[in-house]
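Peer 1: File follows, final.pdb with PDB, C-alpha atoms, pLDDT in the B column:
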MODEL        1
ATOM      1  CA  MET A   1       0.000   0.000   0.000  1.00 54.00           C
ATOM      2  CA  SER A   2       1.494   3.336  -1.037  1.00 83.00           C
ATOM      3  CA  ILE A   3       0.668   5.075   2.229  1.00 93.00           C
ATOM      4  CA  ASP A   4       3.397   2.837   3.633  1.00 94.00           C
ATOM      5  CA  THR A   5       6.054   4.359   1.366  1.00 94.00           C
ATOM      6  CA  ALA A   6       4.948   7.856   2.409  1.00 95.00           C
ATOM      7  CA  ARG A   7       4.898   6.759   6.063  1.00 95.00           C
ATOM      8  CA  GLY A   8       8.410   5.321   5.759  1.00 95.00           C
ATOM      9  CA  PHE A   9       9.733   8.491   4.115  1.00 96.00           C
ATOM     10  CA  LEU A  10       8.191  10.732   6.756  1.00 96.00           C
ATOM     11  CA  ALA A  11       9.370   8.512   9.620  1.00 96.00           C
ATOM     12  CA  GLU A  12      12.930   8.841   8.358  1.00 96.00           C
ATOM     13  CA  HIS A  13      12.949  12.500   7.275  1.00 97.00           C
ATOM     14  CA  ALA A  14      10.236  14.181   9.370  1.00 97.00           C
ATOM     15  CA  PRO A  15       9.311  11.972  12.330  1.00 97.00           C
ATOM     16  CA  ASP A  16       7.443  14.863  13.968  1.00 97.00           C
ATOM     17  CA  LEU A  17       4.819  14.873  11.196  1.00 96.00           C
ATOM     18  CA  THR A  18       1.735  12.735  11.684  1.00 95.00           C
ATOM     19  CA  ILE A  19      -0.208  11.234   8.811  1.00 96.00           C
ATOM     20  CA  ILE A  20      -3.890  12.025   9.194  1.00 96.00           C
ATOM     21  CA  GLU A  21      -6.044   9.103   8.059  1.00 95.00           C
ATOM     22  CA  LEU A  22      -9.761   9.621   7.539  1.00 93.00           C
ATOM     23  CA  ASP A  23     -12.626   7.242   6.843  1.00 91.00           C
ATOM     24  CA  GLU A  24     -13.929   9.303   3.938  1.00 88.00           C
ATOM     25  CA  SER A  25     -12.190   9.990   0.629  1.00 85.00           C
ATOM     26  CA  THR A  26     -10.164  13.152   0.228  1.00 89.00           C
ATOM     27  CA  ALA A  27      -9.300  12.364  -3.394  1.00 85.00           C
ATOM     28  CA  THR A  28     -10.496  15.732  -4.718  1.00 89.00           C
ATOM     29  CA  VAL A  29      -9.685  19.233  -3.506  1.00 93.00           C
ATOM     30  CA  GLU A  30     -13.321  19.822  -2.534  1.00 92.00           C
ATOM     31  CA  LEU A  31     -13.617  16.589  -0.557  1.00 91.00           C
ATOM     32  CA  ALA A  32     -10.278  17.143   1.165  1.00 93.00           C
ATOM     33  CA  ALA A  33     -11.026  20.759   2.112  1.00 95.00           C
ATOM     34  CA  LYS A  34     -14.376  19.779   3.593  1.00 94.00           C
ATOM     35  CA  ALA A  35     -12.959  16.782   5.477  1.00 94.00           C
ATOM     36  CA  HIS A  36     -10.084  18.768   6.976  1.00 95.00           C
ATOM     37  CA  GLY A  37     -12.041  21.968   7.614  1.00 95.00           C
ATOM     38  CA  VAL A  38      -9.758  24.190   5.532  1.00 97.00           C
ATOM     39  CA  GLU A  39     -10.181  26.362   2.469  1.00 96.00           C
ATOM     40  CA  PRO A  40      -9.598  24.625  -0.892  1.00 97.00           C
ATOM     41  CA  GLY A  41      -6.371  26.523  -1.532  1.00 97.00           C
ATOM     42  CA  GLN A  42      -4.737  24.850   1.470  1.00 98.00           C
ATOM     43  CA  ILE A  43      -5.082  21.437  -0.153  1.00 97.00           C
ATOM     44  CA  ALA A  44      -1.690  20.897  -1.801  1.00 98.00           C
ATOM     45  CA  LYS A  45      -2.497  18.895  -4.900  1.00 97.00           C
ATOM     46  CA  THR A  46       0.316  16.941  -6.509  1.00 97.00           C
ATOM     47  CA  LEU A  47       0.105  16.805 -10.299  1.00 97.00           C
ATOM     48  CA  ALA A  48       2.043  14.169 -12.240  1.00 97.00           C
ATOM     49  CA  LEU A  49       3.107  15.565 -15.602  1.00 98.00           C
ATOM     50  CA  LYS A  50       5.583  15.090 -18.393  1.00 97.00           C
ATOM     51  CA  VAL A  51       7.119  17.329 -21.022  1.00 96.00           C
ATOM     52  CA  GLY A  52       8.469  15.195 -23.805  1.00 94.00           C
ATOM     53  CA  GLU A  53       9.645  12.046 -22.059  1.00 94.00           C
ATOM     54  CA  GLN A  54      10.575  13.771 -18.770  1.00 96.00           C
ATOM     55  CA  PRO A  55       8.093  13.086 -15.945  1.00 98.00           C
ATOM     56  CA  PHE A  56       7.910  15.383 -12.923  1.00 98.00           C
ATOM     57  CA  LEU A  57       5.590  16.458 -10.104  1.00 98.00           C
ATOM     58  CA  VAL A  58       4.129  19.890  -9.436  1.00 98.00           C
ATOM     59  CA  VAL A  59       2.645  20.551  -6.000  1.00 98.00           C
ATOM     60  CA  ALA A  60       0.204  23.477  -6.138  1.00 98.00           C
ATOM     61  CA  ALA A  61      -2.531  25.089  -4.102  1.00 98.00           C
ATOM     62  CA  GLY A  62      -5.913  23.461  -4.541  1.00 97.00           C
ATOM     63  CA  ASP A  63      -7.578  26.601  -5.872  1.00 97.00           C
ATOM     64  CA  VAL A  64      -5.303  27.187  -8.881  1.00 98.00           C
ATOM     65  CA  ARG A  65      -4.866  25.561 -12.269  1.00 97.00           C
ATOM     66  CA  LEU A  66      -1.835  24.946 -14.426  1.00 97.00           C
ATOM     67  CA  ASP A  67      -1.100  27.816 -16.796  1.00 97.00           C
ATOM     68  CA  ASN A  68      -0.072  26.260 -20.116  1.00 95.00           C
ATOM     69  CA  ALA A  69       1.940  29.302 -21.217  1.00 97.00           C
ATOM     70  CA  LYS A  70       3.901  29.378 -17.944  1.00 98.00           C
ATOM     71  CA  ILE A  71       4.495  25.610 -18.135  1.00 96.00           C
ATOM     72  CA  ARG A  72       5.721  25.889 -21.730  1.00 96.00           C
ATOM     73  CA  GLU A  73       8.061  28.729 -20.806  1.00 96.00           C
ATOM     74  CA  ARG A  74       9.451  27.054 -17.677  1.00 97.00           C
ATOM     75  CA  PHE A  75       9.787  23.502 -19.031  1.00 96.00           C
ATOM     76  CA  ASP A  76      10.386  24.219 -22.733  1.00 96.00           C
ATOM     77  CA  GLY A  77       7.382  22.297 -23.982  1.00 95.00           C
ATOM     78  CA  LYS A  78       3.759  21.363 -23.576  1.00 95.00           C
ATOM     79  CA  ALA A  79       2.953  19.391 -20.432  1.00 95.00           C
ATOM     80  CA  LYS A  80       0.726  16.343 -20.461  1.00 96.00           C
ATOM     81  CA  MET A  81      -0.877  14.684 -17.462  1.00 96.00           C
ATOM     82  CA  LEU A  82       0.365  11.148 -16.839  1.00 97.00           C
ATOM     83  CA  ASP A  83      -2.135   8.289 -17.013  1.00 96.00           C
ATOM     84  CA  GLU A  84      -3.124   6.429 -13.846  1.00 95.00           C
ATOM     85  CA  ALA A  85      -0.939   3.377 -14.493  1.00 96.00           C
ATOM     86  CA  THR A  86       2.152   5.509 -15.129  1.00 97.00           C
ATOM     87  CA  VAL A  87       1.447   7.622 -12.044  1.00 96.00           C
ATOM     88  CA  MET A  88       1.240   4.481  -9.910  1.00 95.00           C
ATOM     89  CA  GLU A  89       4.401   3.028 -11.453  1.00 96.00           C
ATOM     90  CA  LEU A  90       6.476   6.210 -11.005  1.00 96.00           C
ATOM     91  CA  THR A  91       5.192   7.354  -7.618  1.00 96.00           C
ATOM     92  CA  SER A  92       3.791   4.217  -5.912  1.00 95.00           C
ATOM     93  CA  HIS A  93       0.704   6.323  -5.124  1.00 95.00           C
ATOM     94  CA  PRO A  94      -2.767   6.076  -6.682  1.00 94.00           C
ATOM     95  CA  VAL A  95      -4.397   9.079  -8.319  1.00 91.00           C
ATOM     96  CA  GLY A  96      -6.180  10.928  -5.518  1.00 90.00           C
ATOM     97  CA  GLY A  97      -3.384  10.132  -3.082  1.00 92.00           C
ATOM     98  CA  VAL A  98      -0.336  11.252  -5.040  1.00 95.00           C
ATOM     99  CA  CYS A  99       2.218  13.091  -2.937  1.00 96.00           C
ATOM    100  CA  PRO A 100       5.921  13.895  -3.173  1.00 97.00           C
ATOM    101  CA  PHE A 101       6.788  11.578  -0.237  1.00 96.00           C
ATOM    102  CA  GLY A 102       8.106   8.022  -0.632  1.00 94.00           C
ATOM    103  CA  LEU A 103       8.280   8.007  -4.420  1.00 96.00           C
ATOM    104  CA  ALA A 104       9.043   4.787  -6.302  1.00 95.00           C
ATOM    105  CA  THR A 105      11.372   6.684  -8.665  1.00 96.00           C
ATOM    106  CA  ASP A 106      13.533   9.751  -8.308  1.00 95.00           C
ATOM    107  CA  LEU A 107      11.288  12.373  -9.908  1.00 97.00           C
ATOM    108  CA  PRO A 108      11.938  16.104 -10.012  1.00 98.00           C
ATOM    109  CA  VAL A 109       9.488  17.884  -7.691  1.00 98.00           C
ATOM    110  CA  TYR A 110       8.415  21.500  -8.100  1.00 98.00           C
ATOM    111  CA  CYS A 111       6.353  23.534  -5.654  1.00 98.00           C
ATOM    112  CA  ASP A 112       4.225  26.275  -7.165  1.00 98.00           C
ATOM    113  CA  GLU A 113       4.396  29.775  -5.669  1.00 98.00           C
ATOM    114  CA  SER A 114       0.630  29.515  -4.985  1.00 98.00           C
ATOM    115  CA  LEU A 115       1.411  27.480  -1.848  1.00 98.00           C
ATOM    116  CA  LYS A 116       3.285  30.366  -0.231  1.00 98.00           C
ATOM    117  CA  ARG A 117       0.019  32.173   0.607  1.00 97.00           C
ATOM    118  CA  PHE A 118      -0.578  29.736   3.435  1.00 98.00           C
ATOM    119  CA  ASP A 119       1.155  29.027   6.735  1.00 98.00           C
ATOM    120  CA  GLU A 120       0.081  25.398   6.466  1.00 98.00           C
ATOM    121  CA  VAL A 121      -0.989  23.165   3.580  1.00 98.00           C
ATOM    122  CA  LEU A 122      -2.247  19.594   3.386  1.00 97.00           C
ATOM    123  CA  PRO A 123      -0.743  17.351   0.722  1.00 97.00           C
ATOM    124  CA  ALA A 124      -1.964  13.771   0.439  1.00 95.00           C
ATOM    125  CA  ALA A 125       0.166  11.088   2.070  1.00 95.00           C
ATOM    126  CA  GLY A 126       0.002   8.230  -0.403  1.00 94.00           C
ATOM    127  CA  SER A 127      -3.690   7.331  -0.342  1.00 93.00           C
ATOM    128  CA  PRO A 128      -7.035   9.000  -1.122  1.00 91.00           C
ATOM    129  CA  THR A 129      -7.863   9.148   2.603  1.00 94.00           C
ATOM    130  CA  SER A 130      -4.596  10.501   4.033  1.00 94.00           C
ATOM    131  CA  ALA A 131      -2.797  13.830   4.404  1.00 96.00           C
ATOM    132  CA  VAL A 132      -0.213  15.685   6.455  1.00 97.00           C
ATOM    133  CA  ARG A 133      -0.243  19.262   7.754  1.00 97.00           C
ATOM    134  CA  ILE A 134       2.979  21.050   6.837  1.00 98.00           C
ATOM    135  CA  ALA A 135       4.355  24.522   6.148  1.00 98.00           C
ATOM    136  CA  PRO A 136       4.945  25.047   2.408  1.00 98.00           C
ATOM    137  CA  SER A 137       8.603  25.960   2.961  1.00 98.00           C
ATOM    138  CA  ARG A 138       9.186  22.763   4.910  1.00 98.00           C
ATOM    139  CA  LEU A 139       7.374  20.707   2.269  1.00 98.00           C
ATOM    140  CA  ALA A 140       9.669  22.045  -0.441  1.00 98.00           C
ATOM    141  CA  GLU A 141      12.765  21.532   1.682  1.00 98.00           C
ATOM    142  CA  LEU A 142      11.761  18.007   2.696  1.00 97.00           C
ATOM    143  CA  VAL A 143      11.353  16.780  -0.886  1.00 97.00           C
ATOM    144  CA  GLY A 144      14.096  18.896  -2.460  1.00 97.00           C
ATOM    145  CA  ALA A 145      11.604  20.834  -4.546  1.00 98.00           C
ATOM    146  CA  GLU A 146      12.352  23.858  -6.647  1.00 98.00           C
ATOM    147  CA  TRP A 147       9.929  26.776  -6.424  1.00 98.00           C
ATOM    148  CA  VAL A 148       8.245  27.656  -9.723  1.00 98.00           C
ATOM    149  CA  ASP A 149       5.448  29.937 -10.941  1.00 98.00           C
ATOM    150  CA  VAL A 150       3.415  27.740 -13.295  1.00 98.00           C
ATOM    151  CA  CYS A 151      -0.179  28.210 -12.113  1.00 98.00           C
ATOM    152  CA  ALA A 152      -2.952  30.790 -12.419  1.00 97.00           C
ATOM    153  CA  PRO A 153      -6.163  31.404 -10.470  1.00 93.00           C
ATOM    154  CA  ALA A 154      -8.834  28.828 -11.334  1.00 86.00           C
TER     155      ALA A 154
ENDMDL
END
Rewrite the structure from the file as structure tokens, please.
Peer 2:
Amino acid sequence: MSIDTARGFLAEHAPDLTIIELDESTATVELAAKAHGVEPGQIAKTLALKVGEQPFLVVAAGDVRLDNAKIRERFDGKAKMLDEATVMELTSHPVGGVCPFGLATDLPVYCDESLKRFDEVLPAAGSPTSAVRIAPSRLAELVGAEWVDVCAPA
């Protein structure tokens, strides 16, 4: 179960963080915001993309969308979302629970500037019913992410 890879990563690198596991699904921004009692922007969604043959993850606030022009400029090409099977293979996490913790492969991770509006965000933790509460700066540091500006208001 992919929550185990996230749990193992966090136990090693951030043992003070607790994975929150809920009975209901938090697979969408709306469901997660409601379940955790936060505004949608605080849900840190992890998007699995590729430009050409290079896969990567972008972690962004839940209330923004990818801006194709910004993506093209930053990554020198048009981004495509990865299919569910590829996401599972590369991350070990199912769609709805994708996070930058405990990845199956060494993927580049980027954190969008949209996260910086919040003191605390909630990325998933490897399953559609799990999350962690973390400061955006610590999230980026923990996963070695580069900050980018590739999103726009939804």
Peer 1: Expand the PyMOL selection byres ((chain A and resi 150) around 12) into the individual residues it matches in the shown file, reporting them as a count of residues only.
Peer 2: 32
Peer 1: If the PyMOL selection byres ((chain A and resi 88-92) around 9) is run on the structure shown, which residues does it catch, given as a PyMOL selection string?
Peer 2: chain A and resi 1-3+5+48+55+83-87+93-95+98-107+126
Peer 1: When you look at A:Ser25 with a cut-off of 10 Å (counting all atoms listed in the file), what residues show up, excluding the ones that are within fewer than 4 positions of it in the same chain? I need them as a list in words.
Peer 2: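 Using all atoms listed in the file, the neighbours found are Glu21, Leu31, Ala32, Ala35, Gly96, Gly97, Ser127, Pro128, Thr129 and Ser130 of chain A.
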Peer 1: If I take atom CA of A:Asp16 and atom CA of A:Leu142, how far is one from the other in Å, to one decimal?
Peer 2: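 Separation of atom CA of A:Asp16 and atom CA of A:Leu142: 12.5 Å.
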Peer 1: What would the list of residues within 6 Å of (10.1, 17.7, -3.6) (file frame) look like as a tab-separated table (two decimals) with C-alpha atoms, in the coordinates of the input, if all atoms listed in the file are what count?
Peer 2:
chain	number	residue	atom	x	y	z
A	100	PRO	CA	5.92	13.90	-3.17
A	109	VAL	CA	9.49	17.88	-7.69
A	140	ALA	CA	9.67	22.04	-0.44
A	143	VAL	CA	11.35	16.78	-0.89
A	144	GLY	CA	14.10	18.90	-2.46
A	145	ALA	CA	11.60	20.83	-4.55
Peer 1: Ranking A:Lys78, A:Leu10, A:Val29, A:Ala154 by minimum distance to A:Ile134 and counting all atoms listed in the file, which one comes first?
Peer 2: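 When distances to A:Ile134 are compared using all atoms listed in the file, the smallest one comes from A:Leu10.
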Peer 1: Let me know the residues the PyMOL selection byres ((chain A and resi 39) around 12) catches in the file above, as a list in words.
Peer 2: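 Answer for the PyMOL selection byres ((chain A and resi 39) around 12): Val29, Glu30, Leu31, Ala32, Ala33, Lys34, Ala35, His36, Gly37, Val38, Pro40, Gly41, Gln42, Ile43, Ala44, Ala61, Gly62, Asp63, Arg117, Phe118, Glu120, Val121 and Leu122 of chain A.
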Peer 1: Give me, please, the distance in Å between atom CA of A:Met81 and atom CA of A:Ala14, quoted to one decimal.
Peer 2: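 Atom-to-atom, atom CA of A:Met81 and atom CA of A:Ala14 are spaced 29.0 Å apart.
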Peer 1: State, in Å with one decimal place, the distance from atom CA of A:Asp76 to atom CA of A:Gln54.
Peer 2: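 Result for atom CA of A:Asp76 versus atom CA of A:Gln54: 11.2 Å, one decimal.
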Peer 1: When you count only C-alpha atoms, which of these residues is closest to A:Lys50: A:Pro15, A:Pro136, A:Pro123, A:Pro108?
Peer 2: A:Pro108
Peer 1: As a PyMOL selection string, please: the residues near A:Val132 (cut-off 8 Å, all atoms listed in the file, same-chain neighbours under 5 positions excluded).
Peer 2: chain A and resi 17-20+122-125
Peer 1: Could you save the residues just selected, with C-alpha atoms, as a short mmCIF file (atom, residue, chain, number, x, y, z; two decimals), in the coordinates of the input?
Peer 2:
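Output file part.cif is given in full below:
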data_model
loop_
_atom_site.label_atom_id
_atom_site.label_comp_id
_atom_site.auth_asym_id
_atom_site.auth_seq_id
_atom_site.Cartn_x
_atom_site.Cartn_y
_atom_site.Cartn_z
CA LEU A 17 4.82 14.87 11.20
CA THR A 18 1.74 12.74 11.68
CA ILE A 19 -0.21 11.23 8.81
CA ILE A 20 -3.89 12.02 9.19
CA LEU A 122 -2.25 19.59 3.39
CA PRO A 123 -0.74 17.35 0.72
CA ALA A 124 -1.96 13.77 0.44
CA ALA A 125 0.17 11.09 2.07
#
